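Student: Next up, coords.cif (mmCIF, C-alpha atoms and all ligand atoms).
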data_my_file
#
loop_
_atom_site.label_atom_id
_atom_site.label_comp_id
_atom_site.auth_asym_id
_atom_site.auth_seq_id
_atom_site.Cartn_x
_atom_site.Cartn_y
_atom_site.Cartn_z
CA MET A 1 -3.31 32.10 22.36
CA ARG A 2 -1.80 35.47 23.15
CA LEU A 3 0.92 37.08 25.25
CA HIS A 4 0.16 40.24 27.18
CA ASP A 5 1.34 42.33 30.14
CA GLU A 6 -0.22 42.05 33.58
CA PRO A 7 0.82 43.61 36.88
CA ALA A 8 2.83 41.22 39.08
CA PRO A 9 0.44 39.39 41.42
CA ASP A 10 0.20 40.31 45.11
CA PRO A 11 1.04 37.31 47.31
CA GLN A 12 -1.83 36.54 49.69
CA PRO A 13 -1.23 35.35 53.28
CA GLY A 14 0.81 32.13 53.16
CA GLU A 15 1.94 32.83 49.60
CA VAL A 16 5.21 34.01 48.10
CA LEU A 17 6.01 35.66 44.80
CA LEU A 18 7.72 33.31 42.32
CA ARG A 19 9.78 34.09 39.25
CA VAL A 20 8.93 31.16 36.97
CA THR A 21 12.00 29.65 35.27
CA ALA A 22 10.76 26.62 33.28
CA VAL A 23 7.36 25.13 32.47
CA GLY A 24 6.82 21.71 30.90
CA LEU A 25 3.88 21.34 28.52
CA CYS A 26 1.69 18.30 29.05
CA GLY A 27 -0.93 16.28 27.20
CA SER A 28 -3.51 17.86 29.49
CA ASP A 29 -2.39 21.32 28.30
CA LEU A 30 -2.91 20.12 24.75
CA HIS A 31 -6.52 19.21 25.59
CA TRP A 32 -7.07 22.76 26.86
CA TYR A 33 -5.36 24.24 23.79
CA GLN A 34 -7.15 22.10 21.20
CA ASN A 35 -10.55 21.48 22.81
CA GLY A 36 -10.91 24.17 25.49
CA SER A 37 -11.80 21.43 27.93
CA ILE A 38 -10.69 18.27 29.71
CA GLY A 39 -13.42 15.71 30.07
CA SER A 40 -16.35 17.38 31.76
CA THR A 41 -14.39 20.52 32.77
CA ALA A 42 -14.66 23.30 30.19
CA MET A 43 -12.91 26.65 29.95
CA ASP A 44 -15.27 29.64 30.04
CA ALA A 45 -12.75 32.47 30.42
CA PRO A 46 -9.14 33.13 29.33
CA LEU A 47 -6.69 30.99 31.30
CA VAL A 48 -2.93 30.88 31.82
CA LEU A 49 -1.86 27.23 31.43
CA GLY A 50 1.10 25.58 33.12
CA HIS A 51 1.39 23.13 36.04
CA GLU A 52 4.80 21.43 35.60
CA PHE A 53 7.22 24.10 36.70
CA ALA A 54 10.31 25.34 38.44
CA ALA A 55 10.77 28.83 39.88
CA VAL A 56 12.91 31.07 42.08
CA VAL A 57 11.34 32.48 45.24
CA ALA A 58 11.18 36.28 44.86
CA SER A 59 9.72 37.45 48.19
CA GLY A 60 9.97 36.66 51.90
CA PRO A 61 12.79 35.05 53.90
CA ARG A 62 13.44 32.33 51.30
CA ALA A 63 14.00 34.80 48.43
CA GLY A 64 16.53 33.44 45.96
CA VAL A 65 15.83 29.76 46.66
CA ARG A 66 15.24 27.58 43.56
CA VAL A 67 12.15 25.44 43.88
CA VAL A 68 9.88 23.01 42.10
CA VAL A 69 6.20 23.67 42.66
CA GLU A 70 3.33 21.41 43.74
CA PRO A 71 0.56 22.60 41.38
CA ALA A 72 -2.30 21.18 43.48
CA ASP A 73 -3.48 23.34 46.35
CA SER A 74 -5.80 21.04 48.29
CA CYS A 75 -7.90 22.21 51.24
CA GLY A 76 -6.30 20.01 53.89
CA ALA A 77 -9.59 19.62 55.75
CA CYS A 78 -11.98 17.47 53.67
CA GLU A 79 -12.31 13.71 54.13
CA SER A 80 -9.96 12.93 51.20
CA CYS A 81 -7.30 15.37 52.42
CA VAL A 82 -7.44 14.07 56.00
CA ALA A 83 -7.00 10.55 54.59
CA GLY A 84 -3.81 11.69 52.81
CA HIS A 85 -5.46 11.85 49.40
CA GLY A 86 -5.10 15.54 48.63
CA GLU A 87 -5.23 14.67 44.92
CA LEU A 88 -8.89 13.72 45.43
CA CYS A 89 -9.79 16.87 47.39
CA ASP A 90 -13.21 18.22 46.55
CA ASP A 91 -12.10 21.82 47.16
CA ILE A 92 -8.85 21.79 45.17
CA ARG A 93 -7.16 24.61 43.27
CA PHE A 94 -4.84 23.46 40.50
CA SER A 95 -2.35 25.67 38.67
CA GLY A 96 -3.40 26.07 35.04
CA GLN A 97 -6.79 24.41 35.51
CA THR A 98 -9.72 26.73 35.04
CA PRO A 99 -10.31 29.09 36.91
CA THR A 100 -6.79 29.14 38.45
CA ASP A 101 -4.11 30.77 36.29
CA GLY A 102 -1.00 28.60 35.85
CA ALA A 103 2.71 29.12 35.37
CA LEU A 104 3.16 30.26 31.76
CA ARG A 105 4.06 33.76 32.93
CA THR A 106 6.99 35.55 34.47
CA TRP A 107 5.62 36.21 37.97
CA MET A 108 3.24 34.11 39.99
CA ALA A 109 2.03 33.98 43.60
CA TRP A 110 1.66 30.51 45.13
CA PRO A 111 1.42 29.03 48.67
CA GLU A 112 4.85 28.67 50.24
CA ARG A 113 3.96 25.25 51.74
CA LEU A 114 3.70 23.89 48.17
CA LEU A 115 7.35 24.58 47.26
CA VAL A 116 10.10 21.94 47.31
CA GLU A 117 13.71 23.17 47.29
CA LEU A 118 15.80 22.00 44.34
CA PRO A 119 19.24 20.44 44.64
CA ASP A 120 21.95 22.42 42.81
CA ARG A 121 22.69 19.58 40.39
CA LEU A 122 19.26 19.87 38.74
CA THR A 123 18.77 22.50 36.04
CA ASP A 124 15.56 24.51 35.85
CA VAL A 125 14.56 22.72 32.64
CA GLU A 126 15.12 19.30 34.24
CA ALA A 127 13.19 20.43 37.31
CA SER A 128 10.11 20.99 35.15
CA LEU A 129 10.06 17.17 34.69
CA LEU A 130 9.63 16.49 38.41
CA GLU A 131 5.85 16.94 38.48
CA PRO A 132 5.26 14.35 35.71
CA LEU A 133 7.80 12.10 37.48
CA GLY A 134 5.67 12.49 40.62
CA VAL A 135 2.59 11.45 38.62
CA SER A 136 4.55 8.42 37.40
CA LEU A 137 5.44 7.48 40.99
CA HIS A 138 1.77 7.70 41.91
CA ALA A 139 0.82 5.48 38.95
CA LEU A 140 3.52 3.02 40.01
CA ASP A 141 2.14 2.90 43.57
CA LEU A 142 -1.31 2.12 42.17
CA ALA A 143 0.05 -0.86 40.21
CA GLY A 144 1.08 -2.91 43.25
CA LEU A 145 4.25 -4.17 41.51
CA ARG A 146 6.74 -6.24 43.49
CA PRO A 147 10.29 -7.30 42.54
CA GLY A 148 10.27 -10.09 39.99
CA MET A 149 7.03 -8.94 38.38
CA ARG A 150 6.62 -7.83 34.77
CA ALA A 151 5.36 -4.39 33.68
CA ALA A 152 4.26 -2.96 30.34
CA VAL A 153 3.79 0.66 29.29
CA VAL A 154 1.44 1.51 26.42
CA GLY A 155 2.20 5.03 25.16
CA ALA A 156 5.81 6.25 25.40
CA GLY A 157 5.31 9.99 25.69
CA PRO A 158 7.02 11.81 28.57
CA ILE A 159 4.82 10.20 31.26
CA GLY A 160 5.35 6.71 29.84
CA LEU A 161 9.11 7.30 29.59
CA LEU A 162 9.29 8.60 33.16
CA LEU A 163 7.26 5.59 34.29
CA ILE A 164 9.75 3.22 32.67
CA ARG A 165 12.54 4.95 34.62
CA ALA A 166 10.52 4.85 37.84
CA ILE A 167 9.72 1.14 37.37
CA ARG A 168 13.42 0.39 36.94
CA ALA A 169 14.14 2.38 40.09
CA VAL A 170 12.10 -0.09 42.15
CA GLY A 171 14.16 -3.00 40.84
CA ILE A 172 11.89 -4.27 38.07
CA HIS A 173 13.75 -4.82 34.81
CA ASP A 174 11.22 -6.91 32.91
CA ILE A 175 9.61 -3.94 31.17
CA ALA A 176 7.95 -3.81 27.77
CA ALA A 177 6.80 -0.62 26.04
CA THR A 178 5.09 0.42 22.85
CA ASP A 179 4.03 3.55 20.98
CA LEU A 180 2.70 4.49 17.55
CA LEU A 181 5.75 6.69 16.86
CA PRO A 182 9.18 5.17 16.10
CA HIS A 183 11.18 7.90 17.92
CA ARG A 184 9.17 7.26 21.06
CA VAL A 185 9.77 3.53 20.83
CA ASP A 186 13.51 4.31 20.62
CA ALA A 187 13.17 6.62 23.64
CA ALA A 188 11.39 3.83 25.57
CA ARG A 189 14.32 1.53 24.94
CA ALA A 190 16.79 4.26 25.94
CA SER A 191 14.74 4.82 29.10
CA GLY A 192 15.25 1.21 30.16
CA ALA A 193 12.56 -0.97 28.56
CA PRO A 194 14.42 -3.93 27.03
CA SER A 195 11.37 -5.09 25.06
CA THR A 196 9.77 -2.53 22.72
CA TRP A 197 7.64 -2.65 19.60
CA LEU A 198 5.99 -0.23 17.20
CA ALA A 199 2.22 -0.33 17.79
CA GLY A 200 0.18 -1.27 14.75
CA LYS A 201 3.25 -2.66 12.96
CA ASP A 202 5.38 -5.03 15.05
CA GLU A 203 4.10 -7.99 17.04
CA PRO A 204 3.91 -7.45 20.79
CA PRO A 205 5.89 -9.90 22.93
CA PRO A 206 4.02 -13.15 23.71
CA LEU A 207 4.12 -12.44 27.43
CA ALA A 208 1.57 -11.64 30.09
CA PHE A 209 2.24 -8.69 32.38
CA ASP A 210 1.37 -8.22 36.04
CA ALA A 211 0.71 -4.53 35.55
CA VAL A 212 0.09 -2.52 32.39
CA PHE A 213 0.11 1.28 32.31
CA GLU A 214 -2.12 2.93 29.70
CA CYS A 215 -0.43 6.27 29.02
CA ALA A 216 -1.97 7.34 25.71
CA GLY A 217 -5.60 8.05 26.59
CA THR A 218 -7.07 6.16 23.63
CA ASP A 219 -9.37 3.15 23.39
CA GLU A 220 -6.80 1.42 21.15
CA ALA A 221 -4.13 1.80 23.82
CA LEU A 222 -6.51 0.48 26.47
CA ALA A 223 -7.35 -2.50 24.26
CA ALA A 224 -3.62 -3.21 23.92
CA ALA A 225 -3.26 -2.93 27.70
CA PHE A 226 -6.05 -5.49 28.19
CA ARG A 227 -4.33 -7.89 25.78
CA LEU A 228 -0.97 -7.52 27.53
CA ALA A 229 -2.28 -7.97 31.08
CA ARG A 230 -2.09 -11.39 32.67
CA PRO A 231 -5.22 -13.01 34.15
CA GLY A 232 -5.72 -11.31 37.50
CA GLY A 233 -3.46 -8.44 36.41
CA ARG A 234 -3.87 -4.75 36.92
CA VAL A 235 -4.36 -2.00 34.30
CA VAL A 236 -3.57 1.53 35.44
CA LEU A 237 -5.25 4.27 33.38
CA VAL A 238 -2.89 7.24 33.28
CA GLY A 239 -3.72 8.78 29.89
CA ILE A 240 -6.47 11.37 29.54
CA PRO A 241 -8.92 10.65 26.71
CA GLY A 242 -9.73 13.46 24.27
CA SER A 243 -13.45 12.99 24.72
CA ASP A 244 -15.05 12.19 28.05
CA ARG A 245 -15.62 8.51 27.19
CA THR A 246 -13.42 5.42 27.49
CA SER A 247 -14.57 2.11 25.98
CA PHE A 248 -13.15 -1.38 26.30
CA GLN A 249 -14.10 -4.96 25.54
CA ALA A 250 -15.90 -6.10 28.67
CA SER A 251 -15.57 -9.83 27.92
CA GLU A 252 -11.76 -9.73 27.86
CA GLY A 253 -11.61 -7.74 31.06
CA ARG A 254 -14.06 -10.09 32.75
CA ARG A 255 -12.45 -13.27 31.44
CA LYS A 256 -9.07 -12.14 32.78
CA GLY A 257 -10.55 -10.75 35.99
CA LEU A 258 -8.62 -7.53 35.50
CA THR A 259 -8.43 -4.74 38.05
CA LEU A 260 -8.69 -1.26 36.52
CA VAL A 261 -7.23 1.63 38.47
CA PHE A 262 -7.56 5.31 37.57
CA CYS A 263 -4.55 7.51 38.23
CA ARG A 264 -5.42 11.05 39.29
CA ARG A 265 -2.39 13.39 39.19
CA MET A 266 0.00 12.72 42.11
CA ARG A 267 -0.41 12.36 45.84
CA PRO A 268 0.92 14.89 48.36
CA GLY A 269 4.56 13.90 48.98
CA ASP A 270 5.14 12.43 45.51
CA LEU A 271 6.89 15.61 44.33
CA SER A 272 9.40 15.41 47.21
CA ARG A 273 9.95 11.72 46.40
CA ALA A 274 10.62 12.66 42.78
CA VAL A 275 13.20 15.27 43.86
CA ASP A 276 14.91 12.75 46.18
CA LEU A 277 15.07 10.01 43.51
CA VAL A 278 16.65 12.36 40.99
CA ALA A 279 19.00 13.95 43.55
CA ALA A 280 20.21 10.45 44.53
CA GLY A 281 20.79 9.54 40.86
CA THR A 282 18.25 6.68 41.12
CA VAL A 283 16.18 8.18 38.31
CA ASN A 284 17.80 10.26 35.58
CA LEU A 285 15.99 12.80 33.42
CA ARG A 286 18.39 12.78 30.49
CA GLY A 287 17.19 12.98 26.91
CA LEU A 288 13.56 13.78 27.70
CA VAL A 289 13.40 17.50 26.88
CA THR A 290 13.64 17.92 23.12
CA ASP A 291 12.23 21.44 22.59
CA VAL A 292 12.75 24.63 24.60
CA PHE A 293 10.89 27.85 23.74
CA GLN A 294 10.67 31.39 25.10
CA LEU A 295 7.36 32.68 26.44
CA ALA A 296 6.80 34.83 23.33
CA GLU A 297 6.99 31.65 21.24
CA GLY A 298 3.97 30.14 22.97
CA VAL A 299 2.10 29.23 19.79
CA ALA A 300 5.19 27.52 18.34
CA ALA A 301 5.62 25.62 21.62
CA PHE A 302 2.04 24.33 21.53
CA GLU A 303 2.33 23.46 17.85
CA ALA A 304 5.48 21.46 18.68
CA LEU A 305 3.51 19.73 21.44
CA ALA A 306 0.61 18.96 19.09
CA SER A 307 2.94 17.61 16.37
CA ARG A 308 4.42 14.99 18.78
CA ARG A 309 7.63 15.26 16.78
CA GLY A 310 9.82 15.26 19.90
CA LEU A 311 9.38 14.31 23.54
CA LYS A 312 8.98 17.00 26.24
CA VAL A 313 8.37 20.63 25.26
CA VAL A 314 9.49 23.22 27.83
CA VAL A 315 8.81 26.96 27.89
CA ARG A 316 11.21 29.33 29.69
CA PRO A 317 9.39 32.49 30.81
CA GLY A 318 12.61 34.21 31.93
CA PRO A 319 13.81 37.60 30.68
CA MET A 320 14.10 37.66 26.91
ZN ZN B 401 0.99 17.40 33.35
ZN ZN B 402 -9.51 18.68 50.65
#
So, in terms of structure tokens, how does the structure I just supplied come out?
Ligand SMILES: [Zn+2]
Ligand SMILES: [Zn+2]
Tutor:
Amino acid sequence: MRLHDEPAPDPQPGEVLLRVTAVGLCGSDLHWYQNGSIGSTAMDAPLVLGHEFAAVVASGPRAGVRVVVEPADSCGACESCVAGHGELCDDIRFSGQTPTDGALRTWMAWPERLLVELPDRLTDVEASLLEPLGVSLHALDLAGLRPGMRAAVVGAGPIGLLLIRAIRAVGIHDIAATDLLPHRVDAARASGAPSTWLAGKDEPPPLAFDAVFECAGTDEALAAAFRLARPGGRVVLVGIPGSDRTSFQASEGRRKGLTLVFCRRMRPGDLSRAVDLVAAGTVNLRGLVTDVFQLAEGVAAFEALASRRGLKVVVRPGPM
């Protein structure tokens, strides 16, 4: 990983210049950093990472407006896009996904239609949490939860913690959560999960859950999700596995008649929903960002991410 100078990008038609203010680092970034790939997509040239970010518009009539950025630039014309599933577009460009440079830089050009204005009460660092909150909202939609149902979250990293807050926001309070790390279990409780346990050490609650969210990307977490799900329940796979394989015990899944749902990023509109929920105070983002670095400290930021010693790591590319 290196830092270098580049000329500021030239906005293309439909684009504006952005001055990036805060970028959240994500488990998917860690896959790029550690493996040079995610699943079957490999990096074959240098790449600027970063897809969870806030910025200030620096060109055009909206110059000066603070925004959060939709990192997925879908084509708008394919069958998936026309059906409202831009996240499944087969001609998509995604910020920080090879070959599209992402937001870990000072200046960036990005389509103006993909910007959502920020309310004043949100800081830039908090705003960098809106994209993962949008992913959480999408995962929640996929779970088909209704009031009175029970939900469990396996893996209490930033996405799991945002999911707990999003689940509470739809009026479900029967939430259980687990992680391998004690500080994340504590954070799950602080995020609103009344029932928590340390994976591999404490006993899980003797309950069956209508929906279980796998947010760790490991076979062990998926096995735990299968155990926690009720017969006929739904398991939503949110985590990204390190290798391109996921395994599970077929007999348990079949015996329970489970429905498995894969969560792919967020849908168009989820980012605006995330902004509205936070602006209304329905979801709060407190206590999630534990580490903030400058752009020149990129290696330290990624090492902090890899160590999992905190929760969310944010990089601020602003002037030093
Ligand atoms: Zn992410
Ligand atoms: Zn498309």
Student: Could the residues of region 195-255 of chain A that have an atom at most 10 Å from region 175-189 of chain A be listed as CSV, each with its closest atom pair and the distance in Å to one decimal, counting only C-alpha atoms and ordered by chain and ascending residue number?
Tutor:
residue,atom,partner,partner_atom,distance
A:Ser195,CA,A:Ala176,CA,4.5
A:Thr196,CA,A:Ala177,CA,4.8
A:Trp197,CA,A:Thr178,CA,5.1
A:Leu198,CA,A:Asp179,CA,5.7
A:Ala199,CA,A:Leu180,CA,4.8
A:Gly200,CA,A:Leu180,CA,6.9
A:Lys201,CA,A:Leu180,CA,8.5
A:Asp202,CA,A:Thr178,CA,9.5
A:Pro204,CA,A:Thr178,CA,8.2
A:Pro205,CA,A:Ala176,CA,8.0
A:Leu207,CA,A:Ala176,CA,9.4
A:Phe209,CA,A:Ala176,CA,8.8
A:Ala211,CA,A:Ile175,CA,9.9
A:Val212,CA,A:Ala176,CA,9.2
A:Phe213,CA,A:Ala177,CA,9.4
A:Cys215,CA,A:Asp179,CA,9.6
A:Ala216,CA,A:Asp179,CA,8.5
A:Ala221,CA,A:Asp179,CA,8.8
A:Ala224,CA,A:Thr178,CA,9.5
A:Leu228,CA,A:Ala176,CA,9.7
Student: Hey, what's within 9 Å of Leu260 (chain A) if we count only C-alpha atoms and toss same-chain stuff fewer than 4 positions away? As an MDAnalysis selection string, please?
Tutor: chainID A and resid 233:237 253
Student: Select, from A:Ala250, A:Ala63, A:Val154, A:Val313, the residue with the minimum atom-to-atom distance to ligand ZN 401 (chain B), counting only C-alpha atoms and all ligand atoms.
Tutor: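 Looking at the shortest contact to ligand ZN 401 (chain B), the residue is A:Val313.
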Student: Could you report the residues within 8 Å of ligand ZN 402 (chain B), using all atoms listed in the file, as a PyMOL selection string?
Tutor: chain A and resi 74-82+86+88-92
Student: Could you pull out the residues sitting within 8 Å of ligand ZN 401 (chain B), using all atoms listed in the file, and write them as number ranges by chain?
Tutor: A: 24-29, 51-52, 131-132, 265
Student: Using all atoms listed in the file, what does the table of region 2-59 of chain A residues within 8 Å of region 243-246 of chain A look like, with each row giving the shortest atom pair and its distance in Å to one decimal, sorted by chain and ascending number, as a tab-separated table?
Tutor:
residue	atom	partner	partner_atom	distance
A:Ile38	CA	A:Asp244	CA	7.7
A:Gly39	CA	A:Asp244	CA	4.4
A:Ser40	CA	A:Asp244	CA	6.5
Student: Just checking: using all atoms listed in the file, which residue out of A:Asp210, A:Arg227, A:Trp107, A:Ala193 ends up closest to Leu145 (chain A)?
Tutor: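 Once distances to Leu145 (chain A) are computed over all atoms listed in the file, the minimum belongs to A:Asp210.
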Student: Quick one: distance from CA of Gly36 (chain A) to CA of Ala103 (chain A) in Å, one decimal?
Tutor: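 Distance reported for this atom pair: 17.5 Å.
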Student: Of the candidates A:Asp73, A:Glu297, A:Glu87, A:Glu15, which one gets nearest to His138 (chain A) if we count only C-alpha atoms?
Tutor: A:Glu87
Student: Work out where the centre of an axis-aligned box around every listed atom of region 285-291 of chain A lies and how long its edges are once 5 Å is added on each side; give both in Å to one decimal as JSON.
Tutor:
{"center_x": 15.3, "center_y": 17.1, "center_z": 28.0, "size_x": 16.2, "size_y": 18.7, "size_z": 20.8}
Student: Could you jot down the CA of Ala109 (chain A) to CA of Glu70 (chain A) separation for me, Å, one decimal place?
Tutor: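 Here the two named atoms are 12.6 Å from each other.
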Student: Using all atoms listed in the file, pick whichever of A:Gln97, A:Thr123, A:Thr21, A:Ser136 has the shortest atom-to-atom distance to Arg273 (chain A).
Tutor: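 Looking only at the distances to Arg273 (chain A), the closest residue turns out to be A:Ser136.
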Student: Please measure the separation of CA of Thr41 (chain A) and CA of Thr98 (chain A), giving the value in Å to one decimal.
Tutor: 8.1 Å
Student: Using all atoms listed in the file for the distances, tell me which of A:Leu277, A:Ala22, A:Met266, A:Ala139 is nearest to Val125 (chain A).
Tutor: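 The closest residue to Val125 (chain A) is A:Ala22.
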Student: Excluding Met43 (chain A) and its own-chain neighbours fewer than 3 positions away, which residues fall within 8 Å of it when counting all atoms listed in the file? Please give them as a count of residues only.
Tutor: 7
Student: Restricting the calculation to only C-alpha atoms, which member of A:Ile240, A:Val16, A:Ile167, A:Leu137 is positioned closest to Asp270 (chain A)?
Tutor: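 Closest to Asp270 (chain A) of all the choices is A:Leu137.
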Student: Which residues, written as number ranges by chain, have at least one atom at most 10 Å from Gly64 (chain A), with all atoms listed in the file counted and residues fewer than 4 positions away on the same chain left out?
Tutor: A: 18-19, 55-60
